[in-house]
Every structure is written in C-alpha cells, then in structure tokens.
Amino acid sequence: MEPDYTAGCAFTMGQYVPVKDAHISILDMGFSRSDCTYDVVAVWDGGFFRLDDHLARFARSCECLQLHTDHTLGDIATILTECVRRSGLREAYVEMIMTRGVPQAGERDPRRITNRFHAYAIPYVWIANADQRARGLHLVVARSVERISSRAIDPTVKNFHWGDLVRGLFEAYERNADTAVLVDANGYLTEGPGFNVFAFYRGQLITPADGALHGITRQTVLDLAAQAGVTARVGRVEPDMLAQASEIFVTSTAGGVMPVTLLDGQPVGDGTPGPLTQRLSELYWQAHRAGEWVTPVDYRAPRHATP
C-alpha cells in the first residue's frame with residue numbers, strides 16, 4: 001500500500017517516510033547536545049523560494065560546525081524536492097537538518113562520529129497567526145535576558161540554542177505581548193525567536209547588524225527595498241531607535257514580512273500596519289510566484305531512487 005504523505009514527507013536514515021513515522025535516535029548528539037544545524041526553505045504556489053541561497057547557507061553552517069555528509073548540494077536539492085513531491089504540498093515548510101550523529105558509548109571526540117542528514121516537508125508554517133498578521137504583532141524588547149554572545153554561539157549559523165530566546169518569549173507573554181526581540185551585552189538589538197527585525201527610522205529602513213541570523217527573508221527585504229528606491233541598511237540599532245520608528249516589522253521564512261503595531265505597550269506609528277510594511281509584504285509574496293528566485297516543483301515527475 002502506498003504510504004500516506006498527506007501530512008508531510010520526511011527523509012531520514014536514507015529513506016522517505018511519512019512525517020509521522022520519522023524519528024531520530026535519542027542518543028544522537030543533535031538531540032542530546034544541540035550539536036547540529038538546519039535551514040528552512042519555503043515552497044509557495046508550487047515553487048521553492050530562493051532555494052540556492054538556503055542551500056548555500058546550509059553548506060556554510062555545516063562547514064562552520066565541521067559537519068559533513070556524502071550528499072552534494074545537488075543531492076540535497078533532489079531530496080527536498082522529492083519530499084515536497086511525495087507530499088503533494090503546494091505551500092510547504094521544508095527543513096534540512098545535519099546532526100552530529102550517534103557516538104559509540106563513551107565517545108567524546110566529535111571527529112569520530114558519523115554525521116546524519118535529515119529533511120522533511122510539512123504544510124507551510126506561520127510564526128504569526130492570521131489575526132496577529134492582520135492587526136500587527138505586539139512586541140517587547142526583553143529586559144530579563146540578553147542574547148547569547150556571538151563569541152559563544154555564531155548567530156549566523158542556524159542552531160537550536162534557543163534558551164535565551166525562549167526566556168524572551170516567556171517575558172513577552174508575562175507582559176501581554178506576542179513575542180520579544182533581545183539585546184546584546186552592549187544594549188544593541190539583535191533578533192527574536194525565529195525572526196529578524198526592521199525599523200523604519202528617520203526615513204530609512206535599518207536592521208541589526210550583529211547578534212542576528214543573516215536571514216534569507218531579511219536579505220529579500222533589503223533587495224526589494226533597493227528595487228523600490230527605499231534606503232535600507234544593516235547597522236547597529238538601539239532600543240530608542242526602535243521606539244522612535246514610524247514602522248516596525250519582522251521577517252521570517254515562516255511568514256514573510258509581518259507588521260509590528262505595539263512596542264512595549266505603546267503604538268507604533270498610528271497603531272496599524274504601516275504603508276511601507278504593507279508594500280514590502282506585497283512585493284515579497286509577488287516574488288514567490290515568478291522570477292529568478294523561484295524554483296518550480298514538477299509534481300508530475302516520476303519518483304526516483306534515493307540519492
């Protein structure tokens with residue numbers, strides 16, 4: 001009987017399986033030590049968005065953490081495509097993961113552990129629900145926790161070291177907000193749980209330079225802003241700059257460009273999603289439907305052997 005991939009398809013231990021049947025070992029150091037990296041690429045209207053950029057970032061992350069696989073980037077692209085094809089999903093959240101793997105009993109030398117590659121495609125994930133996207137997110141600048149130092153964890157390498165970000169989330173909920181952005185030890189803004197932040201401040205867009213992932217969606221916004229004639233830059237952002245911004249939005253593969261309308265309990269601008277935020281969101285989703293950043297998925301192609 002044909003496996004049921006309607007809820008998603010995963011590739012693990014060299015096989016494609018329904019996502020509900022995908023497992024990793026409890027002994028894998030990706031689980032027990034958070035010794036892993038990952039990347040997420042979206043499929044929208046049947047096409048990957050900026051697939052090559054996500055693959056390149058994933059390769060860099062693996063290199064930085066000294067994680068290795070026999071799969072080439074071409075192989076990985078094929079695996080991701082096959083996960084989407086088998087699932088039949090037209091809008092999908094597609095994740096690739098490289099874990100350190102399962103050590104022999106007592107082994108502590110990461111060089112002696114065989115790394116493992118996993119992937120899956122599930123229905124598209126939004127980090128903000130429909131109501132939050134319509135009214136705008138309520139954001140706080142965290143006061144109780146700061147972003148982990150870039151000297152300890154490289155924020156440009158996607159990772160699961162979310163202890164600080166989760167603490168920020170709890171603070172946000174305690175302050176009746178939806179989410180939080182963290183500052184670094186010097187008081188500059190960094191990022192939030194799964195998103196970059198932008199401020200429209202004194203006539204230009206600015207997003208934090210340090211302590212943050214170089215998000216593909218962040219880069220897309222910078223590219224679209226340049227095309228639209230909007231001045232945008234990466235630089236140091238102080239909380240006061242965010243408080244004085246006429247518009248604020250956050251960006252993520254899981255949601256695109258999402259407005260912020262309340263900051264630390266105070267309205268941003270007039271308290272509604274701003275015109276620039278809305279325009280960039282429109283351009284962002286338009287770019288998902290056609291153009292150089294879209295890699296269509298051929299759902300009719302015959303399923304091929306595992307790479």
# chains A, B, ... in the order shown; residues from 1 in each chain; ligands from 1
$ residues_around --residues "Pro267 (chain A)" --least-positions-apart "6" --cutoff "10 Å" --atoms "only C-alpha atoms" --output "JSON, numbers by chain"
{"A": [138, 243, 246, 247, 260, 261]}
$ residues_around --residues "Ile248 (chain A)" --least-positions-apart "6" --cutoff "7 Å" --atoms "only C-alpha atoms" --output "compact mmCIF listing (two decimals) with N, CA and C atoms, in the first residue's frame"
# COMPACT_ATOMS: atom_id res chain seq x y z
N PHE A 198 13.07 44.83 11.62
CA PHE A 198 13.37 46.03 10.85
C PHE A 198 12.66 47.22 11.49
N ALA A 199 13.29 48.39 11.43
CA ALA A 199 12.67 49.64 11.85
C ALA A 199 12.75 50.64 10.70
N PHE A 200 11.66 51.35 10.45
CA PHE A 200 11.68 52.47 9.51
C PHE A 200 11.90 53.72 10.35
N PRO A 259 3.90 42.87 10.22
CA PRO A 259 3.93 44.17 10.90
C PRO A 259 3.95 44.04 12.41
N VAL A 260 4.55 45.04 13.04
CA VAL A 260 4.51 45.23 14.50
C VAL A 260 3.76 46.54 14.74
$ residues_around --residues "region 175-190 of chain A" --least-positions-apart "4" --cutoff "7 Å" --atoms "only C-alpha atoms" --output "PyMOL selection string"
chain A and resi 137-142+146-147+168-169+171+208+210-212+236-239
$ closest_atom_pairs --of "region 87-118 of chain A" --to "region 1-12 of chain A" --cutoff "8 Å" --atoms "only C-alpha atoms" --output "Markdown table"
| residue | atom | partner | partner_atom | distance |
| --- | --- | --- | --- | --- |
| A:Ser87 | CA | A:Tyr5 | CA | 4.8 |
| A:Gly88 | CA | A:Thr6 | CA | 7.2 |
| A:Leu89 | CA | A:Gly8 | CA | 7.8 |
| A:Phe117 | CA | A:Thr12 | CA | 6.9 |
| A:His118 | CA | A:Thr12 | CA | 4.8 |
$ select_by_dssp --residues "region 180-300 of chain A" --states "alpha helix (DSSP H)" --output "list in words"
Ile216, Thr217, Arg218, Gln219, Thr220, Val221, Leu222, Asp223, Leu224, Ala225, Ala226, Gln227, Pro239, Asp240, Met241, Leu242, Ala243, Pro275, Leu276, Thr277, Gln278, Arg279, Leu280, Ser281, Glu282, Leu283, Tyr284, Trp285 and Gln286 of chain A
$ select_by_dssp --residues "region 153-275 of chain A" --states "strand (DSSP E or B)" --output "PyMOL selection string"
chain A and resi 179-181+183+189+192+195-201+204-208+232-235+247-252+256-263+266-267
$ residues_around --residues "Arg167 (chain A)" --least-positions-apart "3" --cutoff "9 Å" --atoms "only C-alpha atoms" --output "list in words"
Ala142, Ser144, Val145, Trp162, Gly163, Asp164, Phe170, Glu171 and Ala172 of chain A
$ closest_atom_pairs --of "region 152-189 of chain A" --to "region 47-67 of chain A" --cutoff "12 Å" --atoms "only C-alpha atoms" --output "Markdown table"
| residue | atom | partner | partner_atom | distance |
| --- | --- | --- | --- | --- |
| A:Ile153 | CA | A:Leu65 | CA | 10.6 |
| A:Asp154 | CA | A:Cys64 | CA | 9.0 |
| A:Pro155 | CA | A:Ser61 | CA | 10.2 |
| A:Thr156 | CA | A:Ser61 | CA | 7.9 |
| A:Val157 | CA | A:Ser61 | CA | 5.0 |
| A:Lys158 | CA | A:Ser61 | CA | 6.9 |
| A:Asn159 | CA | A:Ser61 | CA | 8.9 |
$ write_last_selection --atoms "C-alpha atoms" --output "PDB file, in the first residue's frame"
ATOM      1  CA  ILE A 153      27.399  30.824  19.532  1.00  0.00           C
ATOM      2  CA  ASP A 154      27.723  32.150  15.988  1.00  0.00           C
ATOM      3  CA  PRO A 155      24.261  33.627  15.250  1.00  0.00           C
ATOM      4  CA  THR A 156      24.866  33.438  11.510  1.00  0.00           C
ATOM      5  CA  VAL A 157      24.835  29.622  11.798  1.00  0.00           C
ATOM      6  CA  LYS A 158      21.272  28.393  12.260  1.00  0.00           C
ATOM      7  CA  ASN A 159      21.076  26.491  15.519  1.00  0.00           C
TER       8      ASN A 159
END
$ closest_residue --among "A:Val197, A:Ile122, A:Val297, A:Met241" --to "Gln219 (chain A)" --atoms "only C-alpha atoms"
A:Val197
$ atom_distance --atom1 "CA of Pro103 (chain A)" --atom2 "CA of Arg116 (chain A)"
11.4 Å
$ residues_around --residues "Ile76 (chain A)" --least-positions-apart "2" --cutoff "9 Å" --atoms "only C-alpha atoms" --output "ChimeraX atom specification"
/A:55,71-74,78-81,96,119,307
$ residues_around --residues "Thr99 (chain A)" --least-positions-apart "2" --cutoff "9 Å" --atoms "only C-alpha atoms" --output "PyMOL selection string"
chain A and resi 28-31+34-38+67+97+101-102+115-118
$ write_last_selection --atoms "all heavy atoms" --output "compact mmCIF listing (two decimals), in the first residue's frame"
# COMPACT_ATOMS: atom_id res chain seq x y z
N ASP A 28 21.39 10.59 19.54
CA ASP A 28 22.01 11.49 18.57
C ASP A 28 22.39 12.79 19.27
O ASP A 28 21.58 13.39 19.98
CB ASP A 28 21.03 11.77 17.42
CG ASP A 28 21.71 12.42 16.22
OD1 ASP A 28 22.39 13.44 16.41
OD2 ASP A 28 21.54 11.91 15.10
N MET A 29 23.63 13.24 19.05
CA MET A 29 24.10 14.44 19.72
C MET A 29 23.41 15.70 19.22
O MET A 29 23.48 16.75 19.85
CB MET A 29 25.61 14.55 19.61
CG MET A 29 26.33 13.43 20.37
SD MET A 29 28.13 13.52 20.31
CE MET A 29 28.42 14.93 21.39
N GLY A 30 22.72 15.60 18.08
CA GLY A 30 21.88 16.70 17.68
C GLY A 30 20.77 16.93 18.68
O GLY A 30 20.35 18.07 18.92
N PHE A 31 20.29 15.83 19.29
CA PHE A 31 19.25 15.91 20.31
C PHE A 31 19.85 16.14 21.70
O PHE A 31 19.43 17.03 22.43
CB PHE A 31 18.43 14.63 20.32
CG PHE A 31 17.47 14.51 21.48
CD1 PHE A 31 16.29 15.23 21.49
CD2 PHE A 31 17.77 13.70 22.56
CE1 PHE A 31 15.41 15.14 22.56
CE2 PHE A 31 16.90 13.60 23.65
CZ PHE A 31 15.73 14.33 23.64
N SER A 34 22.37 19.45 21.26
CA SER A 34 22.03 20.50 20.30
C SER A 34 23.20 20.74 19.35
O SER A 34 23.46 21.87 18.92
CB SER A 34 21.66 21.81 21.00
OG SER A 34 21.00 22.68 20.10
N ASP A 35 23.90 19.66 19.01
CA ASP A 35 25.07 19.72 18.13
C ASP A 35 24.60 19.44 16.70
O ASP A 35 24.69 18.31 16.21
CB ASP A 35 26.12 18.70 18.59
CG ASP A 35 27.45 18.88 17.89
OD1 ASP A 35 27.55 19.76 17.02
OD2 ASP A 35 28.40 18.12 18.20
N CYS A 36 24.10 20.47 16.07
CA CYS A 36 23.50 20.30 14.74
C CYS A 36 23.30 21.67 14.11
O CYS A 36 23.48 22.70 14.76
CB CYS A 36 22.16 19.57 14.83
SG CYS A 36 20.92 20.42 15.83
N THR A 37 22.93 21.66 12.86
CA THR A 37 22.49 22.88 12.19
C THR A 37 21.33 22.53 11.29
O THR A 37 21.05 21.34 11.04
CB THR A 37 23.63 23.55 11.40
OG1 THR A 37 23.20 24.86 10.99
CG2 THR A 37 24.02 22.74 10.18
N TYR A 38 20.65 23.55 10.81
CA TYR A 38 19.48 23.30 9.97
C TYR A 38 19.23 24.51 9.09
O TYR A 38 19.87 25.56 9.24
CB TYR A 38 18.25 23.02 10.83
CG TYR A 38 17.67 24.22 11.54
CD1 TYR A 38 16.49 24.83 11.09
CD2 TYR A 38 18.30 24.77 12.66
CE1 TYR A 38 15.97 25.94 11.74
CE2 TYR A 38 17.78 25.88 13.31
CZ TYR A 38 16.61 26.46 12.85
OH TYR A 38 16.10 27.56 13.48
N LEU A 67 30.50 19.73 10.23
CA LEU A 67 29.56 18.64 9.97
C LEU A 67 29.69 18.27 8.50
O LEU A 67 29.80 19.14 7.63
CB LEU A 67 28.14 19.09 10.27
CG LEU A 67 27.81 19.36 11.74
CD1 LEU A 67 26.52 20.17 11.87
CD2 LEU A 67 27.69 18.04 12.51
N ILE A 97 18.29 19.22 8.01
CA ILE A 97 18.98 19.18 9.30
C ILE A 97 20.23 18.30 9.19
O ILE A 97 20.16 17.22 8.58
CB ILE A 97 18.08 18.61 10.41
CG1 ILE A 97 16.73 19.31 10.44
CG2 ILE A 97 18.76 18.70 11.77
CD1 ILE A 97 15.71 18.61 11.31
N GLY A 101 25.27 13.13 15.06
CA GLY A 101 25.12 11.68 14.95
C GLY A 101 25.21 10.97 16.29
O GLY A 101 25.28 11.61 17.35
N VAL A 102 25.21 9.65 16.24
CA VAL A 102 25.21 8.81 17.44
C VAL A 102 26.62 8.33 17.74
O VAL A 102 27.22 7.62 16.93
CB VAL A 102 24.27 7.60 17.26
CG1 VAL A 102 24.32 6.70 18.49
CG2 VAL A 102 22.85 8.06 16.98
N ASN A 115 28.14 11.88 10.95
CA ASN A 115 27.06 12.86 10.93
C ASN A 115 25.87 12.34 10.12
O ASN A 115 26.03 11.49 9.25
CB ASN A 115 27.54 14.18 10.35
CG ASN A 115 28.80 14.71 11.04
OD1 ASN A 115 29.57 15.43 10.44
ND2 ASN A 115 29.04 14.32 12.29
N ARG A 116 24.68 12.85 10.43
CA ARG A 116 23.45 12.35 9.81
C ARG A 116 22.64 13.49 9.22
O ARG A 116 22.47 14.54 9.85
CB ARG A 116 22.62 11.58 10.82
CG ARG A 116 23.29 10.29 11.29
CD ARG A 116 22.41 9.52 12.26
NE ARG A 116 23.00 8.22 12.60
CZ ARG A 116 22.45 7.35 13.44
NH1 ARG A 116 21.30 7.64 14.03
NH2 ARG A 116 23.04 6.19 13.68
N PHE A 117 22.12 13.25 8.03
CA PHE A 117 21.30 14.24 7.33
C PHE A 117 19.83 13.82 7.36
O PHE A 117 19.50 12.66 7.13
CB PHE A 117 21.75 14.39 5.87
CG PHE A 117 20.87 15.31 5.07
CD1 PHE A 117 20.98 16.68 5.19
CD2 PHE A 117 19.91 14.79 4.21
CE1 PHE A 117 20.15 17.53 4.47
CE2 PHE A 117 19.08 15.63 3.49
CZ PHE A 117 19.20 17.00 3.61
N HIS A 118 18.97 14.78 7.66
CA HIS A 118 17.53 14.55 7.69
C HIS A 118 16.84 15.70 6.97
O HIS A 118 17.38 16.81 6.88
CB HIS A 118 17.01 14.50 9.13
CG HIS A 118 17.79 13.62 10.05
ND1 HIS A 118 17.51 12.30 10.25
CD2 HIS A 118 18.87 13.89 10.84
CE1 HIS A 118 18.35 11.78 11.13
NE2 HIS A 118 19.20 12.73 11.50
$ atom_distance --atom1 "CA of Met13 (chain A)" --atom2 "CA of Leu27 (chain A)"
14.5 Å
$ closest_residue --among "A:Thr231, A:Pro273, A:Glu82, A:Pro110" --to "Arg300 (chain A)" --atoms "only C-alpha atoms"
A:Glu82
$ atom_distance --atom1 "CA of Thr277 (chain A)" --atom2 "CA of Gln227 (chain A)"
14.8 Å
$ closest_residue --among "A:Ala254, A:Pro296, A:Gly194, A:Ala152" --to "Arg85 (chain A)" --atoms "only C-alpha atoms"
A:Pro296
